[in-house]
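J.: Structure supplied as upload23.cif; contents: mmCIF, C-alpha atoms.
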data_start
loop_
_atom_site.group_PDB
_atom_site.id
_atom_site.type_symbol
_atom_site.label_atom_id
_atom_site.label_comp_id
_atom_site.auth_asym_id
_atom_site.auth_seq_id
_atom_site.Cartn_x
_atom_site.Cartn_y
_atom_site.Cartn_z
ATOM 1 C CA MET A 1 61.841 214.521 -0.356
ATOM 2 C CA LYS A 2 58.289 215.843 -0.468
ATOM 3 C CA ILE A 3 55.896 213.311 1.063
ATOM 4 C CA ALA A 4 52.091 213.262 1.141
ATOM 5 C CA LEU A 5 50.746 212.091 4.496
ATOM 6 C CA ALA A 6 47.156 211.292 5.457
ATOM 7 C CA CYS A 7 45.124 209.340 7.978
ATOM 8 C CA ASP A 8 41.706 208.868 9.497
ATOM 9 C CA HIS A 9 40.943 209.098 13.222
ATOM 10 C CA GLY A 10 42.286 205.569 13.815
ATOM 11 C CA GLY A 11 45.675 206.503 12.382
ATOM 12 C CA LEU A 12 46.083 209.988 13.844
ATOM 13 C CA SER A 13 48.515 209.117 16.629
ATOM 14 C CA LEU A 14 50.765 207.096 14.324
ATOM 15 C CA LYS A 15 50.553 209.766 11.606
ATOM 16 C CA LEU A 16 51.838 212.367 14.059
ATOM 17 C CA ALA A 17 54.755 210.108 15.012
ATOM 18 C CA VAL A 18 55.598 209.433 11.353
ATOM 19 C CA LYS A 19 55.319 213.132 10.530
ATOM 20 C CA GLY A 20 57.708 214.130 13.316
ATOM 21 C CA HIS A 21 60.132 211.365 12.344
ATOM 22 C CA LEU A 22 60.185 212.463 8.698
ATOM 23 C CA GLU A 23 60.471 216.159 9.496
ATOM 24 C CA ASN A 24 63.437 215.376 11.757
ATOM 25 C CA GLN A 25 65.070 213.732 8.732
ATOM 26 C CA GLY A 26 64.550 216.896 6.695
ATOM 27 C CA HIS A 27 61.645 215.747 4.535
ATOM 28 C CA GLU A 28 58.922 218.166 3.499
ATOM 29 C CA ILE A 29 55.483 216.890 4.516
ATOM 30 C CA LEU A 30 52.139 217.763 2.929
ATOM 31 C CA ASP A 31 49.656 216.735 5.614
ATOM 32 C CA PHE A 32 46.217 216.008 4.165
ATOM 33 C CA GLY A 33 44.652 215.301 7.566
ATOM 34 C CA THR A 34 42.785 214.330 9.538
ATOM 35 C CA HIS A 35 43.909 216.622 12.327
ATOM 36 C CA THR A 36 41.462 215.592 15.057
ATOM 37 C CA PRO A 37 40.483 212.314 16.743
ATOM 38 C CA ASP A 38 36.854 212.783 15.647
ATOM 39 C CA SER A 39 35.394 209.914 13.627
ATOM 40 C CA CYS A 40 35.846 210.470 9.896
ATOM 41 C CA ASP A 41 36.012 208.640 6.575
ATOM 42 C CA TYR A 42 39.465 207.464 5.454
ATOM 43 C CA SER A 43 38.806 208.084 1.759
ATOM 44 C CA ASP A 44 38.350 211.823 2.387
ATOM 45 C CA PHE A 45 42.040 212.008 3.317
ATOM 46 C CA ALA A 46 43.725 209.123 1.462
ATOM 47 C CA ALA A 47 42.402 210.165 -1.959
ATOM 48 C CA PRO A 48 43.775 213.743 -1.916
ATOM 49 C CA ALA A 49 47.161 212.431 -0.725
ATOM 50 C CA ALA A 50 47.177 209.891 -3.568
ATOM 51 C CA ARG A 51 46.205 212.574 -6.083
ATOM 52 C CA ALA A 52 49.198 214.643 -4.964
ATOM 53 C CA VAL A 53 51.505 211.680 -5.606
ATOM 54 C CA ALA A 54 49.876 210.839 -8.945
ATOM 55 C CA ALA A 55 50.197 214.465 -10.072
ATOM 56 C CA GLY A 56 53.892 214.587 -9.129
ATOM 57 C CA GLU A 57 53.319 217.179 -6.422
ATOM 58 C CA CYS A 58 54.840 214.703 -3.943
ATOM 59 C CA SER A 59 57.468 212.026 -4.533
ATOM 60 C CA THR A 60 55.620 209.462 -2.465
ATOM 61 C CA GLY A 61 52.860 209.166 0.085
ATOM 62 C CA ILE A 62 52.017 207.445 3.340
ATOM 63 C CA VAL A 63 48.445 206.758 4.405
ATOM 64 C CA ILE A 64 47.356 205.350 7.779
ATOM 65 C CA CYS A 65 44.167 203.972 9.302
ATOM 66 C CA THR A 66 43.519 201.337 11.974
ATOM 67 C CA THR A 67 44.227 198.377 9.673
ATOM 68 C CA GLY A 68 45.707 200.134 6.651
ATOM 69 C CA ILE A 69 43.210 198.313 4.439
ATOM 70 C CA GLY A 70 40.750 201.146 3.836
ATOM 71 C CA VAL A 71 43.368 203.765 3.048
ATOM 72 C CA SER A 72 45.225 201.407 0.707
ATOM 73 C CA ILE A 73 42.051 200.592 -1.211
ATOM 74 C CA ALA A 74 41.136 204.283 -1.474
ATOM 75 C CA ALA A 75 44.626 205.323 -2.595
ATOM 76 C CA ASN A 76 44.742 202.579 -5.225
ATOM 77 C CA LYS A 77 41.565 203.934 -6.835
ATOM 78 C CA ILE A 78 43.604 206.915 -8.057
ATOM 79 C CA ARG A 79 45.127 206.374 -11.507
ATOM 80 C CA GLY A 80 48.906 205.977 -11.318
ATOM 81 C CA ILE A 81 49.053 204.871 -7.699
ATOM 82 C CA ARG A 82 50.672 201.673 -6.493
ATOM 83 C CA CYS A 83 49.948 201.716 -2.764
ATOM 84 C CA ALA A 84 51.199 198.768 -0.728
ATOM 85 C CA LEU A 85 49.853 197.810 2.686
ATOM 86 C CA VAL A 86 52.928 196.804 4.662
ATOM 87 C CA SER A 87 53.382 195.390 8.156
ATOM 88 C CA ASP A 88 56.935 193.992 7.996
ATOM 89 C CA LEU A 89 60.366 195.109 6.831
ATOM 90 C CA MET A 90 60.780 192.507 4.096
ATOM 91 C CA SER A 91 57.553 193.606 2.416
ATOM 92 C CA ALA A 92 58.601 197.268 2.727
ATOM 93 C CA ARG A 93 61.835 196.487 0.904
ATOM 94 C CA LEU A 94 60.373 194.202 -1.747
ATOM 95 C CA THR A 95 57.411 196.401 -2.620
ATOM 96 C CA ARG A 96 59.882 199.106 -3.579
ATOM 97 C CA GLN A 97 62.429 196.814 -5.269
ATOM 98 C CA HIS A 98 59.965 194.691 -7.244
ATOM 99 C CA ASN A 99 56.719 196.703 -7.495
ATOM 100 C CA ASN A 100 57.984 200.295 -7.487
ATOM 101 C CA ALA A 101 55.221 201.164 -5.011
ATOM 102 C CA ASN A 102 54.770 204.911 -4.825
ATOM 103 C CA MET A 103 52.663 204.917 -1.672
ATOM 104 C CA LEU A 104 52.795 203.096 1.643
ATOM 105 C CA ALA A 105 49.797 202.156 3.786
ATOM 106 C CA LEU A 106 50.159 201.354 7.477
ATOM 107 C CA GLY A 107 47.740 199.950 10.029
ATOM 108 C CA ALA A 108 48.088 201.783 13.332
ATOM 109 C CA GLY A 109 46.336 198.931 15.132
ATOM 110 C CA VAL A 110 48.555 196.340 13.445
ATOM 111 C CA VAL A 111 52.093 197.703 13.767
ATOM 112 C CA GLY A 112 53.538 199.572 16.703
ATOM 113 C CA GLU A 113 55.234 202.931 16.352
ATOM 114 C CA LYS A 114 58.808 201.569 16.398
ATOM 115 C CA LEU A 115 58.144 199.039 13.644
ATOM 116 C CA ALA A 116 56.124 201.580 11.644
ATOM 117 C CA LEU A 117 59.052 204.024 11.628
ATOM 118 C CA GLU A 118 61.415 201.245 10.524
ATOM 119 C CA ILE A 119 58.991 200.320 7.730
ATOM 120 C CA VAL A 120 58.800 203.968 6.636
ATOM 121 C CA ASP A 121 62.597 204.282 6.562
ATOM 122 C CA THR A 122 63.001 201.022 4.626
ATOM 123 C CA PHE A 123 60.305 202.009 2.135
ATOM 124 C CA LEU A 124 61.807 205.457 1.534
ATOM 125 C CA THR A 125 65.412 204.311 1.157
ATOM 126 C CA THR A 126 64.928 201.223 -1.017
ATOM 127 C CA PRO A 127 65.290 201.862 -4.754
ATOM 128 C CA PHE A 128 63.312 200.163 -7.514
ATOM 129 C CA GLU A 129 65.264 197.522 -9.444
ATOM 130 C CA SER A 130 64.518 199.072 -12.819
ATOM 131 C CA GLY A 131 64.917 197.150 -16.018
ATOM 132 C CA GLY A 132 64.244 193.499 -16.610
ATOM 133 C CA ARG A 133 61.351 191.505 -15.291
ATOM 134 C CA HIS A 134 60.309 193.881 -12.498
ATOM 135 C CA GLU A 135 59.944 196.868 -14.791
ATOM 136 C CA ARG A 136 58.069 194.773 -17.352
ATOM 137 C CA ARG A 137 55.674 193.546 -14.659
ATOM 138 C CA VAL A 138 55.014 197.025 -13.262
ATOM 139 C CA GLU A 139 54.321 198.296 -16.780
ATOM 140 C CA LYS A 140 51.802 195.464 -17.303
ATOM 141 C CA VAL A 141 50.061 196.252 -14.030
ATOM 142 C CA MET A 142 49.857 199.954 -14.844
ATOM 143 C CA ALA A 143 48.464 199.144 -18.308
ATOM 144 C CA LEU A 144 45.459 197.609 -16.560
ATOM 145 C CA GLU A 145 44.270 201.144 -15.790
ATOM 146 C CA LYS A 146 43.755 201.881 -19.483
#
Output the file's structure in the form of structure tokens.
T.:
Amino acid sequence: MKIALACDHGGLSLKLAVKGHLENQGHEILDFGTHTPDSCDYSDFAAPAARAVAAGECSTGIVICTTGIGVSIAANKIRGIRCALVSDLMSARLTRQHNNANMLALGAGVVGEKLALEIVDTFLTTPFESGGRHERRVEKVMALEK
């Protein structure tokens, strides 16, 4: 799977752990930065990652900052993105099953590395329950962009 990955300075350490974890699983990673611990603006990195997902260049994306809030807001400004801020395994599973989220946001200061990697794995391996009420609801949400 080709995955867009981005962070700001507050998410750099966790991004590197997630990147290594995913590469070890054989995923192809497009790393949109940041690449240094210098203070930076999360939208400069989250938006290009989200654009890559929206354009179909990547299957999904993961964005990380200290809380996950800023990167999730920035990613969701891109048409076609459904980015979910997740800090537990149940939410990781349900946002895929029920909302067909195509991006995951993590807060490096909220979840530890072990839990973050479990969230990533759950998010990436859980399929959307297409058809029925969930698909209808996702279609209604996406129609709001028009």
J.: Step by step, work through what the PyMOL selection byres ((chain A and resi 11) around 9) selects in the shown file, and finish by giving those residues as a PDB file with C-alpha atoms, in the frame of the given file.
T.:
ATOM      1  CA  ALA A   6      47.156 211.292   5.457  1.00  0.00           C
ATOM      2  CA  CYS A   7      45.124 209.340   7.978  1.00  0.00           C
ATOM      3  CA  ASP A   8      41.706 208.868   9.497  1.00  0.00           C
ATOM      4  CA  HIS A   9      40.943 209.098  13.222  1.00  0.00           C
ATOM      5  CA  GLY A  10      42.286 205.569  13.815  1.00  0.00           C
ATOM      6  CA  LEU A  12      46.083 209.988  13.844  1.00  0.00           C
ATOM      7  CA  SER A  13      48.515 209.117  16.629  1.00  0.00           C
ATOM      8  CA  LEU A  14      50.765 207.096  14.324  1.00  0.00           C
ATOM      9  CA  LYS A  15      50.553 209.766  11.606  1.00  0.00           C
ATOM     10  CA  LEU A  16      51.838 212.367  14.059  1.00  0.00           C
ATOM     11  CA  THR A  34      42.785 214.330   9.538  1.00  0.00           C
ATOM     12  CA  PRO A  37      40.483 212.314  16.743  1.00  0.00           C
ATOM     13  CA  VAL A  63      48.445 206.758   4.405  1.00  0.00           C
ATOM     14  CA  ILE A  64      47.356 205.350   7.779  1.00  0.00           C
ATOM     15  CA  CYS A  65      44.167 203.972   9.302  1.00  0.00           C
ATOM     16  CA  THR A  66      43.519 201.337  11.974  1.00  0.00           C
ATOM     17  CA  THR A  67      44.227 198.377   9.673  1.00  0.00           C
ATOM     18  CA  GLY A  68      45.707 200.134   6.651  1.00  0.00           C
ATOM     19  CA  LEU A 106      50.159 201.354   7.477  1.00  0.00           C
ATOM     20  CA  GLY A 107      47.740 199.950  10.029  1.00  0.00           C
ATOM     21  CA  ALA A 108      48.088 201.783  13.332  1.00  0.00           C
ATOM     22  CA  GLY A 109      46.336 198.931  15.132  1.00  0.00           C
TER      23      GLY A 109
END
J.: Report as a ChimeraX atom specification the full result of the PyMOL selection byres ((chain A and resi 43) around 12) when it is applied to this structure.
T.: /A:6-9,32-34,40-42,44-51,63-65,68-78
J.: One decimal, Å: what's the distance from CA of Cys58 (chain A) over to CA of Asn99 (chain A), could you say?
T.: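 Computed distance, CA of Cys58 (chain A) to CA of Asn99 (chain A), equals 18.4 Å.
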J.: Hey, which of A:Ile119, A:Met103, A:Ala143, A:Leu22 ends up closest to Ala52 (chain A)? Count all atoms listed in the file.
T.: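 With all atoms listed in the file as the atom set, the closest residue is A:Met103.
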J.: (52.5, 214.5, 3.6) in this file's frame - what residues fall within 7 Å of it? Use all atoms listed in the file and give the answer as a list in words.
T.: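 In the file's frame, the residues around the point are Ile3, Ala4, Leu5, Ala6, Ile29, Leu30, Asp31, Phe32 and Gly61 of chain A.
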J.: Point out the residue among A:Glu145, A:Ile62, A:Glu23, A:Val86 with the least atom-to-atom distance to Leu115 (chain A), counting only C-alpha atoms.
T.: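 So, comparing all the options, the nearest one is A:Val86.
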J.: Draw an axis-aligned box tight on the listed atoms of region 91-104 of chain A, then pad every side by 4 Å and write out centre and edge lengths in Å to one decimal as JSON.
T.:
{"center_x": 57.5, "center_y": 199.3, "center_z": -2.4, "size_x": 17.8, "size_y": 19.3, "size_z": 18.2}
J.: What would the selection look like, as a JSON list (two decimals) with C-alpha atoms, in the frame of the given file, if the PyMOL selection byres ((chain A and resi 91) around 12) were run on the coordinates I just shared?
T.:
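Below is the file part_20.json, written as the result:
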[["chain", "number", "residue", "atom", "x", "y", "z"],
["A", 84, "ALA", "CA", 51.20, 198.77, -0.73],
["A", 85, "LEU", "CA", 49.85, 197.81, 2.69],
["A", 86, "VAL", "CA", 52.93, 196.80, 4.66],
["A", 87, "SER", "CA", 53.38, 195.39, 8.16],
["A", 88, "ASP", "CA", 56.94, 193.99, 8.00],
["A", 89, "LEU", "CA", 60.37, 195.11, 6.83],
["A", 90, "MET", "CA", 60.78, 192.51, 4.10],
["A", 92, "ALA", "CA", 58.60, 197.27, 2.73],
["A", 93, "ARG", "CA", 61.84, 196.49, 0.90],
["A", 94, "LEU", "CA", 60.37, 194.20, -1.75],
["A", 95, "THR", "CA", 57.41, 196.40, -2.62],
["A", 96, "ARG", "CA", 59.88, 199.11, -3.58],
["A", 97, "GLN", "CA", 62.43, 196.81, -5.27],
["A", 98, "HIS", "CA", 59.96, 194.69, -7.24],
["A", 99, "ASN", "CA", 56.72, 196.70, -7.50],
["A", 100, "ASN", "CA", 57.98, 200.30, -7.49],
["A", 101, "ALA", "CA", 55.22, 201.16, -5.01],
["A", 104, "LEU", "CA", 52.80, 203.10, 1.64],
["A", 105, "ALA", "CA", 49.80, 202.16, 3.79],
["A", 106, "LEU", "CA", 50.16, 201.35, 7.48],
["A", 118, "GLU", "CA", 61.42, 201.24, 10.52],
["A", 119, "ILE", "CA", 58.99, 200.32, 7.73],
["A", 120, "VAL", "CA", 58.80, 203.97, 6.64],
["A", 122, "THR", "CA", 63.00, 201.02, 4.63],
["A", 123, "PHE", "CA", 60.30, 202.01, 2.13],
["A", 126, "THR", "CA", 64.93, 201.22, -1.02]]
J.: Between A:Met142, A:Leu124, A:Ala116, A:Val53, which one has atoms that come closest to Ala17 (chain A), using only C-alpha atoms?
T.: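 Under the stated criterion, the closest residue is A:Ala116.
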J.: Expressed in Å to a single decimal, how great is the separation between CA of Glu28 (chain A) and CA of Lys2 (chain A)?
T.: 4.6 Å
J.: Report, in Å with one decimal, the straight-line distance from CA of Glu139 (chain A) to CA of Arg79 (chain A).
T.: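 Computed distance, CA of Glu139 (chain A) to CA of Arg79 (chain A), equals 13.3 Å.
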J.: Under the rule that all atoms listed in the file are counted, which of A:Glu57, A:Gly80, A:Asp121, A:Gly131 is the nearest residue to Leu144 (chain A)?
T.: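 Under the stated criterion, the closest residue is A:Gly80.
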J.: Using the structure just given, write a file holding N, CA, C and O atoms for region 30-56 of chain A, as a PDB file, in the first residue's frame.
T.:
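Result file result-v6.pdb:
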ATOM      1  N   LEU A  30       5.249   7.833   1.161  1.00  0.00           N
ATOM      2  CA  LEU A  30       5.585   9.156   0.625  1.00  0.00           C
ATOM      3  C   LEU A  30       5.628  10.085   1.825  1.00  0.00           C
ATOM      4  O   LEU A  30       4.597  10.362   2.441  1.00  0.00           O
ATOM      5  N   ASP A  31       6.808  10.507   2.193  1.00  0.00           N
ATOM      6  CA  ASP A  31       7.015  11.325   3.398  1.00  0.00           C
ATOM      7  C   ASP A  31       7.024  12.804   3.017  1.00  0.00           C
ATOM      8  O   ASP A  31       7.931  13.285   2.369  1.00  0.00           O
ATOM      9  N   PHE A  32       5.991  13.515   3.458  1.00  0.00           N
ATOM     10  CA  PHE A  32       5.835  14.930   3.132  1.00  0.00           C
ATOM     11  C   PHE A  32       6.478  15.848   4.170  1.00  0.00           C
ATOM     12  O   PHE A  32       6.315  17.055   4.112  1.00  0.00           O
ATOM     13  N   GLY A  33       7.219  15.280   5.112  1.00  0.00           N
ATOM     14  CA  GLY A  33       7.902  16.093   6.114  1.00  0.00           C
ATOM     15  C   GLY A  33       7.031  16.307   7.336  1.00  0.00           C
ATOM     16  O   GLY A  33       5.949  15.772   7.426  1.00  0.00           O
ATOM     17  N   THR A  34       7.545  17.060   8.215  1.00  0.00           N
ATOM     18  CA  THR A  34       8.805  17.735   8.307  1.00  0.00           C
ATOM     19  C   THR A  34       9.906  16.702   8.567  1.00  0.00           C
ATOM     20  O   THR A  34       9.622  15.561   8.963  1.00  0.00           O
ATOM     21  N   HIS A  35      11.132  17.129   8.373  1.00  0.00           N
ATOM     22  CA  HIS A  35      12.264  16.228   8.545  1.00  0.00           C
ATOM     23  C   HIS A  35      13.220  16.712   9.632  1.00  0.00           C
ATOM     24  O   HIS A  35      14.261  16.080   9.846  1.00  0.00           O
ATOM     25  N   THR A  36      12.870  17.809  10.289  1.00  0.00           N
ATOM     26  CA  THR A  36      13.722  18.356  11.348  1.00  0.00           C
ATOM     27  C   THR A  36      12.859  18.694  12.567  1.00  0.00           C
ATOM     28  O   THR A  36      11.651  18.863  12.442  1.00  0.00           O
ATOM     29  N   PRO A  37      13.471  18.825  13.728  1.00  0.00           N
ATOM     30  CA  PRO A  37      12.715  19.208  14.926  1.00  0.00           C
ATOM     31  C   PRO A  37      12.464  20.714  15.056  1.00  0.00           C
ATOM     32  O   PRO A  37      11.906  21.174  16.052  1.00  0.00           O
ATOM     33  N   ASP A  38      12.844  21.481  14.037  1.00  0.00           N
ATOM     34  CA  ASP A  38      12.642  22.928  14.068  1.00  0.00           C
ATOM     35  C   ASP A  38      11.151  23.257  14.021  1.00  0.00           C
ATOM     36  O   ASP A  38      10.386  22.612  13.298  1.00  0.00           O
ATOM     37  N   SER A  39      10.743  24.266  14.766  1.00  0.00           N
ATOM     38  CA  SER A  39       9.355  24.691  14.800  1.00  0.00           C
ATOM     39  C   SER A  39       8.850  24.984  13.390  1.00  0.00           C
ATOM     40  O   SER A  39       9.538  25.613  12.587  1.00  0.00           O
ATOM     41  N   CYS A  40       7.650  24.504  13.098  1.00  0.00           N
ATOM     42  CA  CYS A  40       7.064  24.675  11.769  1.00  0.00           C
ATOM     43  C   CYS A  40       5.546  24.664  11.885  1.00  0.00           C
ATOM     44  O   CYS A  40       5.000  24.438  12.956  1.00  0.00           O
ATOM     45  N   ASP A  41       4.878  24.899  10.776  1.00  0.00           N
ATOM     46  CA  ASP A  41       3.420  24.951  10.746  1.00  0.00           C
ATOM     47  C   ASP A  41       2.855  23.654  10.175  1.00  0.00           C
ATOM     48  O   ASP A  41       3.185  23.271   9.043  1.00  0.00           O
ATOM     49  N   TYR A  42       1.981  23.002  10.947  1.00  0.00           N
ATOM     50  CA  TYR A  42       1.451  21.688  10.572  1.00  0.00           C
ATOM     51  C   TYR A  42       0.743  21.678   9.221  1.00  0.00           C
ATOM     52  O   TYR A  42       0.820  20.701   8.483  1.00  0.00           O
ATOM     53  N   SER A  43       0.082  22.760   8.855  1.00  0.00           N
ATOM     54  CA  SER A  43      -0.656  22.768   7.595  1.00  0.00           C
ATOM     55  C   SER A  43       0.266  22.670   6.377  1.00  0.00           C
ATOM     56  O   SER A  43      -0.146  22.156   5.331  1.00  0.00           O
ATOM     57  N   ASP A  44       1.504  23.123   6.515  1.00  0.00           N
ATOM     58  CA  ASP A  44       2.454  23.054   5.398  1.00  0.00           C
ATOM     59  C   ASP A  44       2.778  21.614   5.017  1.00  0.00           C
ATOM     60  O   ASP A  44       3.263  21.362   3.896  1.00  0.00           O
ATOM     61  N   PHE A  45       2.535  20.677   5.912  1.00  0.00           N
ATOM     62  CA  PHE A  45       2.862  19.276   5.670  1.00  0.00           C
ATOM     63  C   PHE A  45       1.612  18.407   5.540  1.00  0.00           C
ATOM     64  O   PHE A  45       1.560  17.505   4.705  1.00  0.00           O
ATOM     65  N   ALA A  46       0.594  18.688   6.356  1.00  0.00           N
ATOM     66  CA  ALA A  46      -0.642  17.896   6.320  1.00  0.00           C
ATOM     67  C   ALA A  46      -1.396  18.094   5.012  1.00  0.00           C
ATOM     68  O   ALA A  46      -1.932  17.132   4.439  1.00  0.00           O
ATOM     69  N   ALA A  47      -1.439  19.322   4.507  1.00  0.00           N
ATOM     70  CA  ALA A  47      -2.192  19.592   3.277  1.00  0.00           C
ATOM     71  C   ALA A  47      -1.619  18.860   2.064  1.00  0.00           C
ATOM     72  O   ALA A  47      -2.383  18.230   1.319  1.00  0.00           O
ATOM     73  N   PRO A  48      -0.310  18.896   1.813  1.00  0.00           N
ATOM     74  CA  PRO A  48       0.205  18.136   0.665  1.00  0.00           C
ATOM     75  C   PRO A  48      -0.032  16.622   0.796  1.00  0.00           C
ATOM     76  O   PRO A  48      -0.305  15.951  -0.204  1.00  0.00           O
ATOM     77  N   ALA A  49       0.059  16.095   2.009  1.00  0.00           N
ATOM     78  CA  ALA A  49      -0.221  14.666   2.207  1.00  0.00           C
ATOM     79  C   ALA A  49      -1.680  14.376   1.864  1.00  0.00           C
ATOM     80  O   ALA A  49      -1.989  13.383   1.188  1.00  0.00           O
ATOM     81  N   ALA A  50      -2.583  15.239   2.318  1.00  0.00           N
ATOM     82  CA  ALA A  50      -4.009  15.052   2.033  1.00  0.00           C
ATOM     83  C   ALA A  50      -4.287  15.187   0.538  1.00  0.00           C
ATOM     84  O   ALA A  50      -5.109  14.439  -0.013  1.00  0.00           O
ATOM     85  N   ARG A  51      -3.615  16.111  -0.124  1.00  0.00           N
ATOM     86  CA  ARG A  51      -3.805  16.252  -1.571  1.00  0.00           C
ATOM     87  C   ARG A  51      -3.379  14.974  -2.313  1.00  0.00           C
ATOM     88  O   ARG A  51      -4.001  14.593  -3.306  1.00  0.00           O
ATOM     89  N   ALA A  52      -2.326  14.342  -1.837  1.00  0.00           N
ATOM     90  CA  ALA A  52      -1.873  13.097  -2.464  1.00  0.00           C
ATOM     91  C   ALA A  52      -2.911  11.992  -2.313  1.00  0.00           C
ATOM     92  O   ALA A  52      -3.124  11.199  -3.233  1.00  0.00           O
ATOM     93  N   VAL A  53      -3.571  11.946  -1.169  1.00  0.00           N
ATOM     94  CA  VAL A  53      -4.638  10.956  -0.953  1.00  0.00           C
ATOM     95  C   VAL A  53      -5.844  11.309  -1.818  1.00  0.00           C
ATOM     96  O   VAL A  53      -6.408  10.451  -2.501  1.00  0.00           O
ATOM     97  N   ALA A  54      -6.251  12.561  -1.802  1.00  0.00           N
ATOM     98  CA  ALA A  54      -7.418  12.994  -2.576  1.00  0.00           C
ATOM     99  C   ALA A  54      -7.228  12.755  -4.067  1.00  0.00           C
ATOM    100  O   ALA A  54      -8.180  12.420  -4.776  1.00  0.00           O
ATOM    101  N   ALA A  55      -6.000  12.906  -4.549  1.00  0.00           N
ATOM    102  CA  ALA A  55      -5.706  12.719  -5.969  1.00  0.00           C
ATOM    103  C   ALA A  55      -5.539  11.253  -6.351  1.00  0.00           C
ATOM    104  O   ALA A  55      -5.408  10.927  -7.527  1.00  0.00           O
ATOM    105  N   GLY A  56      -5.516  10.357  -5.364  1.00  0.00           N
ATOM    106  CA  GLY A  56      -5.333   8.937  -5.643  1.00  0.00           C
ATOM    107  C   GLY A  56      -3.886   8.522  -5.778  1.00  0.00           C
ATOM    108  O   GLY A  56      -3.591   7.379  -6.113  1.00  0.00           O
TER     109      GLY A  56
END
